[in-house]
Amino acid sequence: MESRKFSTRVGENELIVETGMLAKQANGSVTVKLGGTMVLATAVMSKRKAKGMDYFPLMVDYEERYYAGGKIKGSRFIKREGRPSEEAVLNSRLIDRTIRPLFDHRMRNEVQVVATVLSIDQENSPEILSIIAASLALGISNIPWSGPVSAVRVGKNNQGFIINPSNGNLATSPFDLVIAGTAEKINMVEAAAKETPEAEMAKAFHFGFEEIKKLCEFQKEIIREIGKKKTIIEFDGVPKNIEQEIIKFFKDNDLKGALYTHEKTLREAKMDTIREDLFTMLQTKYPQEDLSEAALHLFEETVNDILHDEILSSDNRPDGRKLDQVRPIDCLVGLLPRTHGSGVFQRGDTQTLTTVTLGSPGSEMIVDTMETNDKKRYMHFYNFPPYSVGEVKPMRGPGRREIGHGALAEKALIPVIPSKDEFPYTMLLVSETLASNGSSSMASTCGSTLALMDAGVPIKAPVSGIAMGIIVGKEGKYKILSDIQGPEDHYGDMDFKIAGTKNGITALQMDVKIDGITPQIAEEVFNQARRNRLEIMEKMLSAIPEPRKELSPFAPRIITIKIKPDKIRDVIGPGGKIINQIIDETGVAIDIEDDGTVFITSNNAESGEKAKVWIENLTKEVVPGEIYQGKVVKIMNFGAFVEILPNQEGMVHISEISEQRLARVEDVLKVGDIVTVKIKEIDNLGRINLTIKGVKNHNGNYKKQS
């Protein structure tokens, strides 16, 4: 098998590209390798246009393979990879958001890009390689595309910024920044950060972009050497005479006035009417012509031009706001009577309800992927029902967008979630988008803060978020928009979501419809967004200034105790017999950590206290001089055995039973008697010697479970 290899340095490692060996029937295919991590990317385009589509049909799939990490899927009954994991969905979105802006959106030929992880070394991230591999697969193929693009991960240590840090270095980095783009612009951003100041994040953008430029030049060399000639795709247009007639129709029907109607429902109704009247006019006047697709494209282009011209020339936004103005905000907490916490966040027409459910430590979600086996104690799910935008659609499971928005809101709050030692609960947040007109993911982030504080979760700081936009003219003039809504999201050039505390950024996500933005523009966006975020946070804190001091009465209570690790077996018992008995009799949930931390989760205080006493008795270490009430469990010629604690017995010698000399133990004691005893000594073999002599009758140290 003939193949071609190319290599370059990325950070401290060598990146190796190979093509011509695998998947040769695809329009383009490459493998990209960094360390022991290797990804195969393929790109295929259908030969014919898809019929009945009014959008560019691009499919991007990121395929996890457990064999890549030398693992067998953890499920007992299903070993084959099936539905993509949440991580795979998010990585598919990373690739999609990077490559999509560089296609001509008029294309109707289906394009599919598949990135398959073939090998993983647990140190080098496959998602970064997948973006580069996807770019190269498209670049060397005959598929029309305006790449290449490259991606890097940026972290930081004591010595400074790092390109593509290993997983170990990433764990200690103050942020995890993934940026992608062309040699001229940044066009995709995804970041998690630990309250990183905006100025520091801007420096990381500049640092990572320099490496992106080098990687793009490397790709261009490969494409020049082995790339196929690009297929030329003809796009249907409207004849010039009819195009002028359509443009006049837009003016006569005041398309600009419809777009600049402030109220969303009325604006959409006006624009729908103009669109439908246009199609009716064309079908009536030109029944032999199929102009619907081309006319729709012209409609969209005209609306796009109106929005750009108005904002660039006179700062005129569709709803009349100033460029840096946030829509009116309303916040409400404690709306739902039986949930553990709830918050409603409304910004303009966008409204989100977020709830918090608190559970035991054992309710953590197990994350089993090809890379890791992990647990999550903080989770955020996002739902987008069709009624939120006034539509009728089947209610199905979450799609890629819903998973992505939920992950972004989750990422934004993780840095302020209390540690397990401070707050041992598992936390599940669910955001219901009740109405949407732009930036529902950031509304979910703000709603999360409100709901967590309403639930009494001691978050370290409140988090607010905002979606920023940009309008860019043909000559490069641009205007930055705060808090983008419907038309600005749809026809604008950027959706840059920024979340954080008053101290700095906790999460970023950027998509563009143009070729990208420069690091300098990103820095301007950060500064404008910070002012807006603090304004939003002030509104949120007016609804609830700090976390409630008490949990909801409907939330479970967790009692935490510490036992010696070698006592864990005493609590669990043979085959789990003892711990199951405690759970069955008290109704609590018990979770035990390897270090001996025991979490008892109960819906009522009495049951929790009973289980706590039970475990304390099982694991208590007795000390000479302590007095217990115990039960006689066995009689011998030389004395009696008394159970002073569960599974702990001591022996009372016949000479220690009474002040008088006894001939037989049975003259004083019988099995089942409750007696008060004192620990006389513990010998070097750990045997407990007891005495009854001189001990006054009292309740002793043995706490009764019931």
# chains A, B, ... in the order shown; residues from 1 in each chain; ligands from 1

$ residues_around --residues "Arg106 (chain A)" --least-positions-apart "5" --cutoff "8 Å" --atoms "only C-alpha atoms" --output "PyMOL selection string"
chain A and resi 55-56+235+297

$ residues_around --residues "region 336-344 of chain A" --least-positions-apart "3" --cutoff "7 Å" --atoms "only C-alpha atoms" --output "ChimeraX atom specification"
/A:331-333,352-358,447,450-452,454-455,552,554-555

$ closest_residue --among "A:Gly587, A:Gly74, A:Pro418, A:Pro126" --to "Leu40 (chain A)" --atoms "only C-alpha atoms"
A:Pro126

$ residues_around --residues "region 421-424 of chain A" --least-positions-apart "4" --cutoff "12 Å" --atoms "only C-alpha atoms" --output "VMD selection string"
chain A and resid 358 to 364 377 to 378 417 456 to 460 551 556 to 562 591 to 593 597 to 601

$ write_last_selection --atoms "N, CA and C atoms" --output "tab-separated table (two decimals), in the first residue's frame"
chain	number	residue	atom	x	y	z
A	358	LEU	N	-31.05	17.28	44.84
A	358	LEU	CA	-29.92	16.83	45.64
A	358	LEU	C	-30.08	15.35	45.95
A	359	GLY	N	-28.99	14.62	45.80
A	359	GLY	CA	-29.03	13.18	46.06
A	359	GLY	C	-27.83	12.72	46.85
A	360	SER	N	-27.80	11.45	47.16
A	360	SER	CA	-26.71	10.87	47.93
A	360	SER	C	-25.45	10.81	47.09
A	361	PRO	N	-24.28	10.67	47.73
A	361	PRO	CA	-23.04	10.52	46.96
A	361	PRO	C	-23.08	9.34	46.00
A	362	GLY	N	-23.84	8.32	46.34
A	362	GLY	CA	-23.94	7.15	45.48
A	362	GLY	C	-24.75	7.39	44.21
A	363	SER	N	-25.40	8.56	44.12
A	363	SER	CA	-26.18	8.89	42.92
A	363	SER	C	-25.32	9.48	41.82
A	364	GLU	N	-24.01	9.56	42.03
A	364	GLU	CA	-23.11	10.09	41.01
A	364	GLU	C	-23.28	9.34	39.69
A	377	ARG	N	-20.48	14.26	40.04
A	377	ARG	CA	-21.41	14.56	41.13
A	377	ARG	C	-22.19	15.84	40.87
A	378	TYR	N	-21.80	16.56	39.79
A	378	TYR	CA	-22.54	17.75	39.38
A	378	TYR	C	-22.90	17.60	37.91
A	417	ILE	N	-18.65	25.14	42.33
A	417	ILE	CA	-19.35	24.10	43.08
A	417	ILE	C	-18.50	23.70	44.28
A	456	GLY	N	-29.75	26.15	48.61
A	456	GLY	CA	-28.84	26.18	49.75
A	456	GLY	C	-27.49	25.57	49.48
A	457	VAL	N	-27.14	25.41	48.20
A	457	VAL	CA	-25.81	24.89	47.85
A	457	VAL	C	-24.80	26.03	48.05
A	458	PRO	N	-23.78	25.84	48.88
A	458	PRO	CA	-22.84	26.93	49.19
A	458	PRO	C	-21.84	27.16	48.05
A	459	ILE	N	-22.34	27.66	46.90
A	459	ILE	CA	-21.44	27.94	45.78
A	459	ILE	C	-20.44	29.03	46.20
A	460	LYS	N	-19.26	28.98	45.60
A	460	LYS	CA	-18.19	29.90	45.98
A	460	LYS	C	-18.43	31.31	45.47
A	551	LEU	N	-31.19	23.85	53.81
A	551	LEU	CA	-31.69	23.11	52.66
A	551	LEU	C	-33.21	23.03	52.71
A	556	PRO	N	-32.90	15.44	50.99
A	556	PRO	CA	-32.35	14.46	51.94
A	556	PRO	C	-31.26	15.11	52.78
A	557	ARG	N	-31.00	14.51	53.94
A	557	ARG	CA	-29.94	14.99	54.82
A	557	ARG	C	-28.80	13.97	54.81
A	558	ILE	N	-27.60	14.48	54.79
A	558	ILE	CA	-26.43	13.60	54.77
A	558	ILE	C	-25.65	13.78	56.07
A	559	ILE	N	-25.40	12.65	56.73
A	559	ILE	CA	-24.54	12.62	57.92
A	559	ILE	C	-23.21	12.03	57.49
A	560	THR	N	-22.14	12.71	57.82
A	560	THR	CA	-20.80	12.24	57.44
A	560	THR	C	-20.04	11.83	58.69
A	561	ILE	N	-19.51	10.62	58.70
A	561	ILE	CA	-18.66	10.17	59.80
A	561	ILE	C	-17.39	9.56	59.22
A	562	LYS	N	-16.39	9.45	60.04
A	562	LYS	CA	-15.10	8.92	59.60
A	562	LYS	C	-14.77	7.68	60.43
A	591	ASP	N	-22.95	5.27	51.67
A	591	ASP	CA	-21.83	5.26	50.73
A	591	ASP	C	-20.54	5.36	51.52
A	592	ILE	N	-19.60	4.48	51.23
A	592	ILE	CA	-18.34	4.42	51.97
A	592	ILE	C	-17.17	4.63	51.01
A	593	GLU	N	-16.33	5.61	51.33
A	593	GLU	CA	-15.14	5.88	50.52
A	593	GLU	C	-13.98	5.01	51.01
A	597	THR	N	-14.39	7.47	54.87
A	597	THR	CA	-15.49	8.43	55.00
A	597	THR	C	-16.80	7.72	54.69
A	598	VAL	N	-17.76	7.86	55.60
A	598	VAL	CA	-19.06	7.23	55.46
A	598	VAL	C	-20.12	8.31	55.32
A	599	PHE	N	-20.91	8.24	54.25
A	599	PHE	CA	-22.01	9.17	54.03
A	599	PHE	C	-23.32	8.43	54.24
A	600	ILE	N	-24.13	8.94	55.15
A	600	ILE	CA	-25.45	8.36	55.43
A	600	ILE	C	-26.49	9.35	54.94
A	601	THR	N	-27.25	8.97	53.92
A	601	THR	CA	-28.25	9.86	53.34
A	601	THR	C	-29.63	9.36	53.73

$ atom_distance --atom1 "CA of Ile226 (chain A)" --atom2 "CA of Asp515 (chain A)"
24.4 Å

$ residues_around --residues "region 173-188 of chain A" --least-positions-apart "2" --cutoff "6 Å" --atoms "only C-alpha atoms" --output "list in words"
Thr98, Val149, Ser150, Ala151, Val152, Arg153, Val154, Gly155, Lys156, Asn157, Leu170, Ala171, Glu190, Ala191, Ala192, Ala193, Lys194, Lys213, Cys216, Met510, Asp511, Val512, Gly516, Ile517 and Thr518 of chain A

$ select_by_dssp --residues "region 462-701 of chain A" --states "strand (DSSP E)" --output "PyMOL selection string"
chain A and resi 464-472+478-482+494-500+505-512+557-562+589-592+597-602+627-636+639-645+648-653+674-682+688-691

$ closest_residue --among "A:Asn142, A:Ser292, A:Gln351, A:Thr261" --to "Gly52 (chain A)" --atoms "only C-alpha atoms"
A:Ser292
